[in-house]
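Comments concern the structure below.
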Amino acid sequence: MSAPPPVMPDVEAAAVAVLTGALPGAWVGTEWPARLAERLPVVAPALGGGGSRLRGITADRTLDIDILAGTKGAARTLAAAASAALIAARGATVGGLHFYDVDETSLIWLPYQPSAETDPIPRYVLVMSAVVRPA
């Protein structure tokens, strides 16, 4: 009987680790914090999909990363820094996950409207794709 394939590590947790170190001053986590407008800037990666590339060896993973800040310019600058930090993680091992490749797929302007009585919060959604494997 053959051994089961290794479990793919948590790409969200690895992205949080990379981004926390690269974006000082930003709140980084997999969910938006309470009192969002008071916690800006916010960077929140979430698994956007993916599948096996080589079953049990590598996987393709997509991260949808919400980037919220006080101004559109600040959000754009933070998105660029987040993209650069993740691309720089190529070849690195973080939290049991090895990044083979990382690319920016898209950057979408999508302001968040918390309620009809408030102004929208500047927001980009940065989409990154990665090829990963267990370390």
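Ordered as shown in the structure tokens, chains take letters A, B, and onward, while each chain numbers its residues from 1 and ligands are numbered from 1 in the order shown.
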
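Within 12 Å of Gly48 (chain A), once only C-alpha atoms are used and residues closer than 3 positions along the same chain are dropped, the contacting residues are A:Val11, A:Glu12, A:Thr30, A:Ala44, A:Pro45, A:Gly51, A:Asp60, A:Arg61, A:Thr62, A:Leu63, A:Asp64, A:Ile65, A:Asp66, A:Thr105, A:Val125, A:Leu126, A:Val127, A:Met128, A:Ser129, A:Ala130.
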
Expected file: the selected residues, N, CA and C atoms, as a compact mmCIF listing (two decimals), in the first residue's frame:
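So out.txt came out as:
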```
# COMPACT_ATOMS: atom_id res chain seq x y z
N VAL A 11 -1.87 28.03 2.36
CA VAL A 11 -1.27 29.14 1.60
C VAL A 11 -1.70 30.49 2.17
N GLU A 12 -2.91 30.58 2.75
CA GLU A 12 -3.33 31.83 3.39
C GLU A 12 -2.38 32.18 4.54
N THR A 30 -6.50 37.00 7.70
CA THR A 30 -7.33 36.35 6.69
C THR A 30 -8.78 36.82 6.71
N ALA A 44 -5.89 41.65 3.56
CA ALA A 44 -6.54 40.40 3.94
C ALA A 44 -6.53 39.38 2.80
N PRO A 45 -5.55 38.45 2.81
CA PRO A 45 -5.53 37.41 1.78
C PRO A 45 -6.53 36.30 2.07
N GLY A 51 -6.02 24.13 -7.65
CA GLY A 51 -6.13 22.69 -7.83
C GLY A 51 -4.75 22.07 -7.90
N ASP A 60 -1.59 24.50 -7.64
CA ASP A 60 -1.80 25.88 -8.06
C ASP A 60 -2.77 26.50 -7.06
N ARG A 61 -2.43 27.66 -6.53
CA ARG A 61 -3.31 28.35 -5.59
C ARG A 61 -3.47 29.80 -6.04
N THR A 62 -4.69 30.30 -5.88
CA THR A 62 -4.98 31.70 -6.16
C THR A 62 -5.33 32.38 -4.85
N LEU A 63 -4.78 33.57 -4.65
CA LEU A 63 -5.10 34.38 -3.47
C LEU A 63 -5.78 35.66 -3.92
N ASP A 64 -6.95 35.93 -3.35
CA ASP A 64 -7.63 37.20 -3.54
C ASP A 64 -7.31 38.03 -2.31
N ILE A 65 -6.62 39.14 -2.50
CA ILE A 65 -6.12 39.91 -1.36
C ILE A 65 -6.81 41.27 -1.34
N ASP A 66 -7.64 41.50 -0.32
CA ASP A 66 -8.27 42.79 -0.14
C ASP A 66 -7.24 43.76 0.43
N THR A 105 -1.85 38.30 -10.96
CA THR A 105 -2.84 37.99 -11.99
C THR A 105 -3.64 39.22 -12.37
N VAL A 125 -8.59 44.87 -4.96
CA VAL A 125 -8.48 43.43 -4.78
C VAL A 125 -7.34 42.98 -5.68
N LEU A 126 -6.27 42.54 -5.03
CA LEU A 126 -5.08 42.05 -5.71
C LEU A 126 -5.22 40.54 -5.84
N VAL A 127 -5.10 40.02 -7.05
CA VAL A 127 -5.19 38.58 -7.26
C VAL A 127 -3.80 38.07 -7.64
N MET A 128 -3.32 37.12 -6.83
CA MET A 128 -2.01 36.52 -7.04
C MET A 128 -2.17 35.04 -7.26
N SER A 129 -1.34 34.47 -8.11
CA SER A 129 -1.35 33.02 -8.31
C SER A 129 0.00 32.46 -7.88
N ALA A 130 -0.02 31.26 -7.33
CA ALA A 130 1.20 30.65 -6.84
C ALA A 130 1.20 29.15 -7.14
```

Picked from region 23-117 of chain A by DSSP as alpha helix (DSSP H), as a PyMOL selection string: chain A and resi 72-88

- request: Have a look at A:Ala85, A:Ala37, A:Ala116, A:Ala59 and name the one nearest to Leu97 (chain A); count only C-alpha atoms.
  value: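 Comparing A:Ala85, A:Ala37, A:Ala116, A:Ala59 against Leu97 (chain A), the winner is A:Ala59.
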
message: Can you pull out the residues contacting region 39-42 of chain A? Cut-off 9 Å, using only C-alpha atoms, and skip same-chain residues under 6 positions away; I want them as a list in words.
response: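 Listing them by chain and then by number gives Gly25, Ala26, Trp27, Val28, Gly29, Trp32, Pro33, Asp66, Ile67, Leu68, Ala69, Gly70, Ala74, Ala75 and Leu78 of chain A.
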
message: Nearest residue to Pro111 (chain A) out of A:Gly49, A:Tyr124, A:His98, A:Thr77, using only C-alpha atoms?
response: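 So, comparing all the options, the nearest one is A:Tyr124.
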
- request: Rank A:Ala22, A:Arg133, A:Tyr112, A:Thr118 by their smallest atom-to-atom distance to Ala84 (chain A), using only C-alpha atoms, and report the top residue only.
  value: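 For Ala84 (chain A), the nearest of the candidates is A:Ala22.
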
message: For a quick check of understanding, using only C-alpha atoms, which of A:Val94, A:Ile108, A:Ala135, A:Ala34 has the smallest distance to Pro6 (chain A)?
response: A:Ala135

message: Considering only C-alpha atoms, can you say which of A:Asp101, A:Glu117, A:Glu31, A:Glu38 comes closest to Val132 (chain A)?
response: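 Of A:Asp101, A:Glu117, A:Glu31, A:Glu38, the one nearest Val132 (chain A), counting only C-alpha atoms, is A:Asp101.
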
query: For the atom pair CA of Ser83 (chain A) and CA of Pro114 (chain A), what is the interatomic distance in Å to one decimal place?
result: 25.6 Å

message: From the options A:Gly91, A:Ala17, A:Arg76, A:Arg35, which residue's atoms come nearest to Val131 (chain A), counting only C-alpha atoms?
response: A:Gly91

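In this structure, CA of Gly50 (chain A) sits 21.5 Å away from CA of Ala79 (chain A).
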